[in-house]
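Listing of query24.cif, mmCIF, C-alpha atoms and all ligand atoms
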```cif
data_data
#
loop_
_atom_site.label_atom_id
_atom_site.label_comp_id
_atom_site.auth_asym_id
_atom_site.auth_seq_id
_atom_site.Cartn_x
_atom_site.Cartn_y
_atom_site.Cartn_z
CA MET A 283 -18.82 -1.68 14.65
CA PRO A 284 -15.87 -2.97 12.60
CA ARG A 285 -13.77 -0.30 10.92
CA ILE A 286 -14.28 0.12 7.16
CA ALA A 287 -11.29 -0.54 4.89
CA LEU A 288 -11.05 0.27 1.18
CA VAL A 289 -8.38 -1.37 -0.97
CA THR A 290 -7.76 -0.09 -4.50
CA GLY A 291 -6.92 -2.77 -7.05
CA GLY A 292 -8.15 -5.25 -4.48
CA THR A 293 -9.56 -7.95 -6.72
CA ARG A 294 -6.31 -9.50 -7.94
CA GLY A 295 -2.71 -10.03 -6.85
CA ILE A 296 -1.38 -8.25 -3.79
CA GLY A 297 -4.59 -6.23 -3.38
CA ALA A 298 -6.71 -9.37 -3.21
CA ALA A 299 -4.46 -10.79 -0.49
CA ILE A 300 -4.67 -7.48 1.40
CA SER A 301 -8.47 -7.41 1.16
CA ILE A 302 -8.77 -10.99 2.43
CA ALA A 303 -6.28 -10.41 5.26
CA LEU A 304 -8.13 -7.27 6.39
CA LYS A 305 -11.44 -9.13 6.29
CA ASN A 306 -9.94 -11.97 8.33
CA ALA A 307 -8.66 -9.38 10.81
CA GLY A 308 -12.23 -8.19 11.35
CA TYR A 309 -12.51 -5.15 9.08
CA ASN A 310 -15.50 -4.39 6.89
CA VAL A 311 -13.73 -4.43 3.52
CA ALA A 312 -14.55 -2.95 0.10
CA THR A 313 -12.33 -3.30 -2.93
CA ASN A 314 -11.98 -1.40 -6.16
CA TYR A 315 -10.85 -2.47 -9.62
CA ALA A 316 -10.64 -1.01 -13.12
CA THR A 317 -11.58 -3.30 -15.99
CA ARG A 318 -11.47 -7.03 -15.23
CA ASP A 319 -15.13 -7.70 -14.36
CA ASP A 320 -14.51 -11.46 -14.58
CA ALA A 321 -11.80 -11.36 -11.91
CA ALA A 322 -13.88 -9.05 -9.73
CA ARG A 323 -16.95 -11.28 -9.95
CA GLU A 324 -14.94 -14.37 -9.06
CA PHE A 325 -13.22 -12.55 -6.18
CA ALA A 326 -16.55 -11.34 -4.77
CA LYS A 327 -18.06 -14.83 -5.11
CA VAL A 328 -15.20 -16.56 -3.32
CA THR A 329 -14.59 -13.97 -0.58
CA GLY A 330 -17.94 -12.25 -0.06
CA ILE A 331 -16.10 -8.90 -0.27
CA SER A 332 -17.92 -6.16 -2.20
CA THR A 333 -16.20 -4.83 -5.31
CA TYR A 334 -16.54 -1.39 -6.90
CA LYS A 335 -15.42 -0.46 -10.41
CA TRP A 336 -13.81 2.88 -11.14
CA ASP A 337 -10.61 4.26 -12.61
CA ILE A 338 -8.41 5.58 -9.81
CA SER A 339 -6.55 7.85 -12.23
CA ASP A 340 -9.76 9.91 -12.54
CA PRO A 341 -10.22 12.31 -9.60
CA GLU A 342 -13.99 12.65 -9.97
CA ALA A 343 -14.39 8.87 -10.21
CA CYS A 344 -12.42 8.52 -6.96
CA ARG A 345 -14.66 11.06 -5.22
CA GLN A 346 -17.82 9.32 -6.42
CA GLY A 347 -16.42 5.87 -5.66
CA VAL A 348 -15.54 6.76 -2.08
CA LYS A 349 -18.98 8.34 -1.61
CA MET A 350 -20.67 5.18 -2.87
CA VAL A 351 -18.61 2.88 -0.65
CA SER A 352 -19.26 5.05 2.42
CA GLU A 353 -23.00 5.10 1.73
CA GLU A 354 -23.31 1.39 1.01
CA LEU A 355 -21.16 0.35 3.98
CA SER A 356 -22.83 3.02 6.17
CA GLY A 357 -19.76 4.68 7.58
CA THR A 358 -16.44 6.45 7.21
CA ILE A 359 -13.59 4.77 5.37
CA GLU A 360 -11.02 4.59 8.14
CA ILE A 361 -8.42 2.43 6.41
CA LEU A 362 -7.38 3.30 2.85
CA VAL A 363 -4.91 1.08 1.04
CA ASN A 364 -3.65 2.70 -2.15
CA ASN A 365 -2.57 -0.49 -3.85
CA ALA A 366 -3.65 -0.42 -7.51
CA GLY A 367 -0.82 0.05 -9.95
CA ILE A 368 0.28 -0.67 -13.50
CA THR A 369 3.49 -0.96 -15.49
CA LYS A 370 4.18 0.22 -19.04
CA ASP A 371 7.88 -0.53 -19.39
CA SER A 372 10.38 0.58 -21.98
CA ALA A 373 13.69 2.39 -22.04
CA MET A 374 13.10 6.11 -21.61
CA HIS A 375 14.33 6.98 -25.10
CA LYS A 376 11.62 4.77 -26.57
CA MET A 377 8.85 5.61 -24.07
CA PRO A 378 5.83 7.38 -25.57
CA PRO A 379 4.63 10.26 -23.39
CA GLU A 380 1.26 8.53 -22.93
CA ASN A 381 3.00 5.63 -21.16
CA TRP A 382 4.66 8.08 -18.78
CA ASP A 383 1.34 9.84 -18.13
CA ALA A 384 -0.66 6.64 -17.61
CA VAL A 385 1.78 5.16 -15.09
CA VAL A 386 2.21 8.38 -13.13
CA ALA A 387 -1.56 8.97 -13.12
CA THR A 388 -2.45 5.43 -12.01
CA ASN A 389 0.39 4.84 -9.55
CA LEU A 390 0.97 8.28 -8.03
CA ASN A 391 -1.81 10.77 -8.83
CA SER A 392 -4.32 8.18 -7.61
CA CYS A 393 -2.79 8.30 -4.12
CA PHE A 394 -3.59 12.01 -4.01
CA TYR A 395 -7.10 11.59 -5.48
CA MET A 396 -8.04 8.71 -3.17
CA SER A 397 -6.50 10.22 -0.04
CA LYS A 398 -8.20 13.53 -0.76
CA ALA A 399 -11.53 11.73 -1.12
CA VAL A 400 -11.28 10.14 2.36
CA ILE A 401 -9.28 12.66 4.37
CA ASP A 402 -12.01 15.04 5.56
CA ALA A 403 -14.04 12.22 7.08
CA MET A 404 -10.90 10.77 8.71
CA ARG A 405 -10.04 14.21 10.13
CA ASP A 406 -13.56 14.54 11.56
CA LYS A 407 -13.28 11.07 13.12
CA LYS A 408 -9.78 11.78 14.42
CA PHE A 409 -8.72 8.36 13.16
CA GLY A 410 -7.34 7.06 9.91
CA ARG A 411 -4.82 4.76 8.32
CA ILE A 412 -3.51 5.42 4.82
CA ILE A 413 -1.16 2.76 3.47
CA ASN A 414 0.46 3.37 0.11
CA ILE A 415 1.89 0.44 -1.84
CA SER A 416 5.08 1.69 -3.46
CA SER A 417 7.86 -0.55 -4.79
CA MET A 418 11.49 -1.46 -4.31
CA ASN A 419 11.96 -0.16 -7.85
CA GLY A 420 11.03 3.29 -6.55
CA GLN A 421 13.94 2.99 -4.11
CA LEU A 422 16.44 1.52 -6.58
CA GLY A 423 15.39 2.85 -9.97
CA GLN A 424 14.91 0.13 -12.56
CA PHE A 425 15.96 -0.13 -16.20
CA GLY A 426 12.93 0.33 -18.45
CA GLN A 427 10.89 1.86 -15.66
CA THR A 428 11.58 5.58 -15.51
CA ASN A 429 7.81 6.12 -15.34
CA TYR A 430 7.16 3.45 -12.71
CA SER A 431 10.25 4.24 -10.61
CA ALA A 432 9.40 7.96 -10.62
CA ALA A 433 5.79 7.34 -9.62
CA LYS A 434 6.73 4.88 -6.88
CA ALA A 435 9.49 7.17 -5.55
CA GLY A 436 6.94 10.00 -5.54
CA ILE A 437 4.84 7.95 -3.15
CA PHE A 438 7.57 8.18 -0.51
CA GLY A 439 7.51 11.99 -0.53
CA PHE A 440 3.72 12.05 -0.60
CA THR A 441 3.58 9.65 2.34
CA LYS A 442 5.98 11.64 4.52
CA ALA A 443 4.40 15.01 3.75
CA LEU A 444 0.85 13.78 4.37
CA ALA A 445 1.99 12.01 7.54
CA ARG A 446 3.16 15.35 8.91
CA GLU A 447 -0.09 17.05 7.96
CA THR A 448 -2.34 14.44 9.55
CA ALA A 449 -0.41 13.23 12.61
CA SER A 450 -2.21 15.47 15.08
CA ARG A 451 -5.57 14.09 13.86
CA GLY A 452 -4.88 10.45 14.71
CA ILE A 453 -4.23 9.60 11.07
CA THR A 454 -1.11 7.67 10.12
CA VAL A 455 0.29 7.49 6.60
CA ASN A 456 2.83 4.83 5.70
CA ALA A 457 4.30 3.20 2.61
CA ILE A 458 5.18 -0.38 1.86
CA ALA A 459 7.89 -1.13 -0.70
CA PRO A 460 7.55 -4.70 -1.95
CA GLY A 461 10.28 -6.35 -3.94
CA TYR A 462 9.34 -9.06 -6.46
CA ILE A 463 6.04 -10.65 -5.46
CA ALA A 464 4.45 -13.59 -7.30
CA THR A 465 1.49 -11.92 -9.04
CA GLU A 466 0.41 -11.63 -12.69
CA MET A 467 2.46 -8.43 -12.97
CA VAL A 468 5.64 -10.38 -12.21
CA LYS A 469 4.70 -13.74 -13.75
CA SER A 470 4.68 -12.01 -17.16
CA ILE A 471 8.46 -11.42 -16.86
CA LYS A 472 10.47 -13.58 -19.32
CA GLU A 473 12.12 -16.72 -17.92
CA ASP A 474 15.73 -15.63 -18.56
CA VAL A 475 15.10 -12.26 -16.90
CA MET A 476 13.39 -14.02 -13.98
CA LYS A 477 16.48 -16.19 -13.42
CA VAL A 478 18.61 -13.07 -13.05
CA ILE A 479 16.05 -11.51 -10.69
CA LEU A 480 15.92 -14.60 -8.46
CA SER A 481 19.71 -14.75 -8.25
CA GLY A 482 19.61 -11.25 -6.72
CA ILE A 483 17.15 -12.09 -3.93
CA PRO A 484 18.99 -13.36 -0.81
CA VAL A 485 15.90 -15.26 0.39
CA GLY A 486 16.04 -17.10 -2.97
CA ARG A 487 12.41 -16.83 -4.07
CA LEU A 488 9.67 -14.40 -4.97
CA GLY A 489 7.58 -12.98 -2.17
CA GLU A 490 3.96 -14.04 -1.69
CA PRO A 491 1.09 -11.51 -1.78
CA GLU A 492 0.11 -12.67 1.72
CA GLU A 493 3.51 -11.53 3.02
CA VAL A 494 2.69 -7.97 1.94
CA ALA A 495 -0.85 -8.26 3.29
CA ARG A 496 0.49 -9.17 6.71
CA ALA A 497 2.34 -5.84 6.87
CA VAL A 498 -0.78 -3.93 5.84
CA VAL A 499 -2.77 -5.51 8.67
CA PHE A 500 0.03 -4.56 11.06
CA LEU A 501 0.04 -0.90 9.94
CA ALA A 502 -3.77 -0.69 9.86
CA ALA A 503 -4.14 -1.68 13.49
CA ASP A 504 -5.25 0.82 16.15
CA GLU A 505 -2.07 -0.19 18.02
CA ALA A 506 0.13 1.07 15.13
CA ALA A 507 -0.73 4.68 16.03
CA PHE A 508 2.89 5.72 16.67
CA ILE A 509 4.19 4.56 13.27
CA THR A 510 3.80 7.23 10.61
CA GLY A 511 5.70 8.54 7.59
CA GLU A 512 7.57 5.24 7.47
CA THR A 513 8.42 2.86 4.64
CA LEU A 514 8.37 -0.86 5.31
CA SER A 515 10.46 -2.81 2.77
CA ILE A 516 9.38 -6.38 1.97
CA ASN A 517 11.89 -7.69 -0.52
CA GLY A 518 13.60 -10.85 0.73
CA GLY A 519 16.76 -8.88 1.50
CA GLN A 520 17.22 -7.65 -2.08
CA TYR A 521 17.51 -4.02 -1.05
CA MET A 522 18.44 -2.86 2.46
CA GLU A 523 18.38 0.85 3.22
P1 LIG E 601 -1.89 -6.82 -10.45
O1 LIG E 601 -1.64 -6.40 -11.86
O2 LIG E 601 -1.88 -8.28 -10.12
O3 LIG E 601 -3.28 -6.20 -9.96
C1 LIG E 601 -3.52 -4.85 -10.13
C2 LIG E 601 -4.85 -4.45 -9.54
O4 LIG E 601 -4.98 -3.03 -9.73
C3 LIG E 601 -6.03 -5.07 -10.25
O5 LIG E 601 -7.07 -5.30 -9.32
C4 LIG E 601 -6.43 -4.00 -11.25
O6 LIG E 601 -7.80 -4.04 -11.63
C5 LIG E 601 -6.18 -2.76 -10.43
N1 LIG E 601 -6.02 -1.55 -11.25
C6 LIG E 601 -5.09 -1.31 -12.21
N2 LIG E 601 -5.28 -0.09 -12.75
C7 LIG E 601 -6.35 0.44 -12.10
C8 LIG E 601 -7.06 1.67 -12.22
N3 LIG E 601 -6.72 2.62 -13.09
N4 LIG E 601 -8.13 1.89 -11.39
C9 LIG E 601 -8.50 0.94 -10.49
N5 LIG E 601 -7.86 -0.22 -10.33
C10 LIG E 601 -6.81 -0.48 -11.14
O7 LIG E 601 -0.83 -6.02 -9.59
P2 LIG E 601 0.03 -6.49 -8.30
O8 LIG E 601 -0.86 -7.15 -7.33
O9 LIG E 601 1.24 -7.17 -8.77
O10 LIG E 601 0.50 -5.07 -7.74
C11 LIG E 601 -0.24 -4.37 -6.74
C12 LIG E 601 0.56 -3.15 -6.32
O11 LIG E 601 1.83 -3.57 -5.80
C13 LIG E 601 0.88 -2.21 -7.48
O12 LIG E 601 0.84 -0.87 -7.03
C14 LIG E 601 2.30 -2.58 -7.85
O13 LIG E 601 2.97 -1.52 -8.47
C15 LIG E 601 2.86 -2.90 -6.48
N6 LIG E 601 4.04 -3.76 -6.52
C16 LIG E 601 3.95 -5.01 -7.05
C17 LIG E 601 5.08 -5.81 -7.07
C18 LIG E 601 5.06 -7.19 -7.59
O14 LIG E 601 6.13 -7.81 -7.59
N7 LIG E 601 3.94 -7.73 -8.01
C19 LIG E 601 6.36 -5.33 -6.54
C20 LIG E 601 6.31 -4.01 -5.99
C21 LIG E 601 5.19 -3.26 -5.99
P3 LIG E 601 -8.28 -4.97 -12.90
O15 LIG E 601 -8.33 -6.37 -12.37
O16 LIG E 601 -9.60 -4.43 -13.28
O17 LIG E 601 -7.22 -4.80 -13.97
#
```
Here is a file; write its structure as structure tokens.
Amino acid sequence: MPRIALVTGGTRGIGAAISIALKNAGYNVATNYATRDDAAREFAKVTGISTYKWDISDPEACRQGVKMVSEELSGTIEILVNNAGITKDSAMHKMPPENWDAVVATNLNSCFYMSKAVIDAMRDKKFGRIINISSMNGQLGQFGQTNYSAAKAGIFGFTKALARETASRGITVNAIAPGYIATEMVKSIKEDVMKVILSGIPVGRLGEPEEVARAVVFLAADEAAFITGETLSINGGQYME
């Protein structure tokens, strides 16, 4: 039986590439999304991957969503990719508290809600892979992104702590920190700002969603059992720890 993988925010952008790559690697894949029914329908039609709509910033919705996916795919979710994320940028002195709350809830709290929803079944199975999509801007800090940088930096601590808690149960927990990847999130950046961004990337271009997906497939593999609590940076050389 193929292992079941669930990708949050898996109908567009990096998540869509991750879902497709996992499917191509032989996993039984389900994806989640929040609002864009049109994109989800098109994604499902083209890929044959089932899509499930719920808001990952809502803990009860995460619990119900995971239950539904497990029932419909008849098994334990063994690979969880916490990918969905949003930005609501502005300098901190202008940032309304609701934009802080929304970004922290969607980008960080969701990792807790989703991991909590799958962890008992993974512990029982003595196997699991949790892969959290953070960001280079959580490593660097970015102007206009105190909310996003804080949430994405929080993922690193969450990843390491949970990795320690689950290691003896055959569950690995890792983070991926992409730099600038060509998705809608990044394509909305103004042209003059984009020029400056590109000049700071040694590889000289944006990354492709498939280049992040490749790393997820690597970390999801049974053979990746000895890699846990780690962050894999995928940023074209823009930030080297
Ligand atoms: P996109 O905006 O292209 O796609 C986001 C996906 O997340 C969509 O499927 C969206 O669903 C879903 N989503 C958003 N909010 C929620 C929610 N509350 N509940 C469920 N699903 C939700 O994003 P990217 O592909 O660019 O980014 C994916 C991840 O990678 C994010 O965590 C982002 O922070 C991170 N990242 C991206 C970088 C980049 O350069 N693009 C760089 C570094 C990190 P819907 O279609 O319904 O809106």
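The closest residue to ligand LIG 601 (chain E), picked from A:Thr448, A:Asn414, A:Asn429, A:Ser481 and counting all atoms listed in the file, is A:Asn414.
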Enclose all atoms of ligand LIG 601 (chain E) listed in the file in an axis-aligned box, grow every side by 8 Å, and hand back centre and edge lengths in Å to one decimal, as AutoDock Vina command-line options.
```
--center_x -1.6 --center_y -2.8 --center_z -9.9 --size_x 32.0 --size_y 26.9 --size_z 24.2
```
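The interatomic distance for the pair atom C2 of ligand LIG 601 (chain E) and CA of Ile415 (chain A) works out to 11.3 Å.
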Revision key, fill the gap. A straight line from CA of Gly486 (chain A) to CA of Pro460 (chain A) spans 15.1 Å
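Atom pair CA of Thr510 (chain A) / CA of Ala445 (chain A): separated by 6.0 Å.
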Point to revise | All residues having an atom within 7 Å of ligand LIG 601 (chain E) (only C-alpha atoms and all ligand atoms) as a ChimeraX atom specification | key: /A:290-297,314-319,321-322,336-339,365-368,388-389,415-418,459-468
If we count only C-alpha atoms, what is near Asp371 (chain A) at a cut-off of 9 Å, once residues fewer than 6 positions away on the same chain are taken out, given as a compact mmCIF listing (two decimals) with C-alpha atoms, in the coordinates of the input?
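The resulting file, result.txt, is reproduced below:
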```txt
# COMPACT_ATOMS: atom_id res chain seq x y z
CA MET A 377 8.85 5.61 -24.07
CA ASN A 381 3.00 5.63 -21.16
CA PHE A 425 15.96 -0.13 -16.20
CA GLY A 426 12.93 0.33 -18.45
CA GLN A 427 10.89 1.86 -15.66
CA THR A 428 11.58 5.58 -15.51
CA ASN A 429 7.81 6.12 -15.34
CA TYR A 430 7.16 3.45 -12.71
```
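Shortest separation to Phe438 (chain A) among A:Arg487, A:Ala502, A:Glu493, A:Glu512 occurs at residue A:Glu512, atoms counted being only C-alpha atoms.
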Point to revise | Selection near Pro484 (chain A), 8 Å with only C-alpha atoms, sequence-local residues under 3 positions removed, as a list in words | key: Ser481, Gly518, Gly519 and Gln520 of chain A
Please provide as a PDB file with C-alpha atoms, keeping the file's coordinate frame all residues within 10 Å of Thr329 (chain A), with the sequence filter that same-chain residues fewer than 2 positions apart are discarded (counting only C-alpha atoms).
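Output file part.pdb follows:
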```
ATOM      1  CA  THR A 293      -9.560  -7.950  -6.720  1.00  0.00           C
ATOM      2  CA  ALA A 298      -6.710  -9.370  -3.210  1.00  0.00           C
ATOM      3  CA  SER A 301      -8.470  -7.410   1.160  1.00  0.00           C
ATOM      4  CA  ILE A 302      -8.770 -10.990   2.430  1.00  0.00           C
ATOM      5  CA  LYS A 305     -11.440  -9.130   6.290  1.00  0.00           C
ATOM      6  CA  GLU A 324     -14.940 -14.370  -9.060  1.00  0.00           C
ATOM      7  CA  PHE A 325     -13.220 -12.550  -6.180  1.00  0.00           C
ATOM      8  CA  ALA A 326     -16.550 -11.340  -4.770  1.00  0.00           C
ATOM      9  CA  LYS A 327     -18.060 -14.830  -5.110  1.00  0.00           C
ATOM     10  CA  ILE A 331     -16.100  -8.900  -0.270  1.00  0.00           C
ATOM     11  CA  SER A 332     -17.920  -6.160  -2.200  1.00  0.00           C
TER      12      SER A 332
END
```
Review point. If we count all atoms listed in the file, what is near Ala303 (chain A) at a cut-off of 8 Å, once residues fewer than 2 positions away on the same chain are taken out, given as an NGL selection string?
Key: :A and (299-301 or 305-307 or 492 or 495-496 or 499)
Revision key, fill the gap. Counting only C-alpha atoms, closest pick from A:Ser515, A:Ser431, A:Thr358, A:Asn364 relative to Met404 (chain A) is A:Thr358
I'd like the contact shell of Val311 (chain A) - 6 Å cut-off, all atoms listed in the file, skipping same-chain residues fewer than 5 positions apart - returned as a PDB file with C-alpha atoms, keeping the file's coordinate frame.
```pdb
ATOM      1  CA  ILE A 286     -14.280   0.120   7.160  1.00  0.00           C
ATOM      2  CA  ALA A 287     -11.290  -0.540   4.890  1.00  0.00           C
ATOM      3  CA  LEU A 288     -11.050   0.270   1.180  1.00  0.00           C
ATOM      4  CA  LYS A 305     -11.440  -9.130   6.290  1.00  0.00           C
TER       5      LYS A 305
END
```
Can you take region 496-522 of chain A from the block and write N, CA, C and O atoms as an mmCIF file, in the first residue's frame?
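Okay, result10.cif is ready:
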```
data_model
loop_
_atom_site.group_PDB
_atom_site.id
_atom_site.type_symbol
_atom_site.label_atom_id
_atom_site.label_comp_id
_atom_site.auth_asym_id
_atom_site.auth_seq_id
_atom_site.Cartn_x
_atom_site.Cartn_y
_atom_site.Cartn_z
ATOM 1 N N ARG A 496 11.407 18.747 -4.885
ATOM 2 C CA ARG A 496 12.430 17.697 -4.935
ATOM 3 C C ARG A 496 12.989 17.416 -3.536
ATOM 4 O O ARG A 496 13.227 16.271 -3.148
ATOM 5 N N ALA A 497 13.172 18.484 -2.762
ATOM 6 C CA ALA A 497 13.703 18.330 -1.400
ATOM 7 C C ALA A 497 12.678 17.675 -0.482
ATOM 8 O O ALA A 497 13.032 16.888 0.406
ATOM 9 N N VAL A 498 11.405 17.979 -0.717
ATOM 10 C CA VAL A 498 10.351 17.354 0.103
ATOM 11 C C VAL A 498 10.337 15.844 -0.146
ATOM 12 O O VAL A 498 10.268 15.048 0.795
ATOM 13 N N VAL A 499 10.419 15.455 -1.411
ATOM 14 C CA VAL A 499 10.418 14.020 -1.729
ATOM 15 C C VAL A 499 11.621 13.337 -1.076
ATOM 16 O O VAL A 499 11.510 12.234 -0.521
ATOM 17 N N PHE A 500 12.747 14.008 -1.083
ATOM 18 C CA PHE A 500 13.960 13.473 -0.435
ATOM 19 C C PHE A 500 13.722 13.242 1.058
ATOM 20 O O PHE A 500 13.998 12.164 1.595
ATOM 21 N N LEU A 501 13.170 14.246 1.739
ATOM 22 C CA LEU A 501 12.970 14.148 3.193
ATOM 23 C C LEU A 501 11.830 13.197 3.555
ATOM 24 O O LEU A 501 11.803 12.649 4.658
ATOM 25 N N ALA A 502 10.891 13.002 2.638
ATOM 26 C CA ALA A 502 9.747 12.127 2.918
ATOM 27 C C ALA A 502 10.107 10.645 2.834
ATOM 28 O O ALA A 502 9.411 9.802 3.392
ATOM 29 N N ALA A 503 11.199 10.352 2.168
ATOM 30 C CA ALA A 503 11.533 8.959 1.882
ATOM 31 C C ALA A 503 11.790 8.146 3.154
ATOM 32 O O ALA A 503 12.270 8.674 4.159
ATOM 33 N N ASP A 504 11.481 6.865 3.095
ATOM 34 C CA ASP A 504 11.814 5.961 4.204
ATOM 35 C C ASP A 504 13.307 6.046 4.512
ATOM 36 O O ASP A 504 13.720 5.990 5.672
ATOM 37 N N GLU A 505 14.113 6.206 3.457
ATOM 38 C CA GLU A 505 15.579 6.200 3.603
ATOM 39 C C GLU A 505 16.104 7.470 4.266
ATOM 40 O O GLU A 505 17.309 7.551 4.575
ATOM 41 N N ALA A 506 15.247 8.464 4.501
ATOM 42 C CA ALA A 506 15.692 9.717 5.142
ATOM 43 C C ALA A 506 15.525 9.649 6.665
ATOM 44 O O ALA A 506 15.504 10.683 7.338
ATOM 45 N N ALA A 507 15.440 8.435 7.194
ATOM 46 C CA ALA A 507 15.090 8.236 8.614
ATOM 47 C C ALA A 507 16.089 8.847 9.602
ATOM 48 O O ALA A 507 15.745 9.084 10.762
ATOM 49 N N PHE A 508 17.315 9.092 9.165
ATOM 50 C CA PHE A 508 18.341 9.598 10.101
ATOM 51 C C PHE A 508 18.477 11.115 10.031
ATOM 52 O O PHE A 508 19.334 11.699 10.688
ATOM 53 N N ILE A 509 17.644 11.755 9.244
ATOM 54 C CA ILE A 509 17.674 13.227 9.131
ATOM 55 C C ILE A 509 16.483 13.774 9.895
ATOM 56 O O ILE A 509 15.333 13.574 9.491
ATOM 57 N N THR A 510 16.727 14.451 11.003
ATOM 58 C CA THR A 510 15.605 15.045 11.737
ATOM 59 C C THR A 510 16.044 16.303 12.472
ATOM 60 O O THR A 510 17.217 16.430 12.858
ATOM 61 N N GLY A 511 15.092 17.226 12.615
ATOM 62 C CA GLY A 511 15.383 18.501 13.288
ATOM 63 C C GLY A 511 16.223 19.434 12.445
ATOM 64 O O GLY A 511 16.771 20.427 12.925
ATOM 65 N N GLU A 512 16.293 19.146 11.155
ATOM 66 C CA GLU A 512 17.213 19.866 10.259
ATOM 67 C C GLU A 512 16.454 20.894 9.421
ATOM 68 O O GLU A 512 15.260 20.765 9.189
ATOM 69 N N THR A 513 17.181 21.909 8.977
ATOM 70 C CA THR A 513 16.609 22.866 8.009
ATOM 71 C C THR A 513 17.401 22.782 6.713
ATOM 72 O O THR A 513 18.627 22.862 6.729
ATOM 73 N N LEU A 514 16.688 22.584 5.634
ATOM 74 C CA LEU A 514 17.325 22.557 4.318
ATOM 75 C C LEU A 514 17.011 23.879 3.614
ATOM 76 O O LEU A 514 15.849 24.203 3.360
ATOM 77 N N SER A 515 18.052 24.666 3.330
ATOM 78 C CA SER A 515 17.869 25.954 2.656
ATOM 79 C C SER A 515 17.912 25.763 1.147
ATOM 80 O O SER A 515 18.780 25.051 0.637
ATOM 81 N N ILE A 516 16.958 26.401 0.459
ATOM 82 C CA ILE A 516 16.902 26.291 -1.014
ATOM 83 C C ILE A 516 16.737 27.710 -1.526
ATOM 84 O O ILE A 516 15.619 28.219 -1.664
ATOM 85 N N ASN A 517 17.872 28.397 -1.742
ATOM 86 C CA ASN A 517 17.752 29.837 -1.988
ATOM 87 C C ASN A 517 18.727 30.379 -3.043
ATOM 88 O O ASN A 517 18.941 31.594 -3.115
ATOM 89 N N GLY A 518 19.297 29.495 -3.854
ATOM 90 C CA GLY A 518 20.191 29.954 -4.913
ATOM 91 C C GLY A 518 21.451 30.633 -4.394
ATOM 92 O O GLY A 518 22.084 31.417 -5.095
ATOM 93 N N GLY A 519 21.801 30.330 -3.143
ATOM 94 C CA GLY A 519 23.023 30.888 -2.560
ATOM 95 C C GLY A 519 22.832 32.244 -1.906
ATOM 96 O O GLY A 519 23.801 32.876 -1.471
ATOM 97 N N GLN A 520 21.561 32.688 -1.797
ATOM 98 C CA GLN A 520 21.316 34.041 -1.267
ATOM 99 C C GLN A 520 21.643 34.136 0.223
ATOM 100 O O GLN A 520 22.051 35.196 0.710
ATOM 101 N N TYR A 521 21.432 33.066 0.934
ATOM 102 C CA TYR A 521 21.738 33.071 2.373
ATOM 103 C C TYR A 521 22.370 31.733 2.733
ATOM 104 O O TYR A 521 21.759 30.685 2.543
ATOM 105 N N MET A 522 23.610 31.794 3.246
ATOM 106 C CA MET A 522 24.317 30.561 3.619
ATOM 107 C C MET A 522 24.606 30.608 5.105
ATOM 108 O O MET A 522 25.253 31.544 5.568
#
```
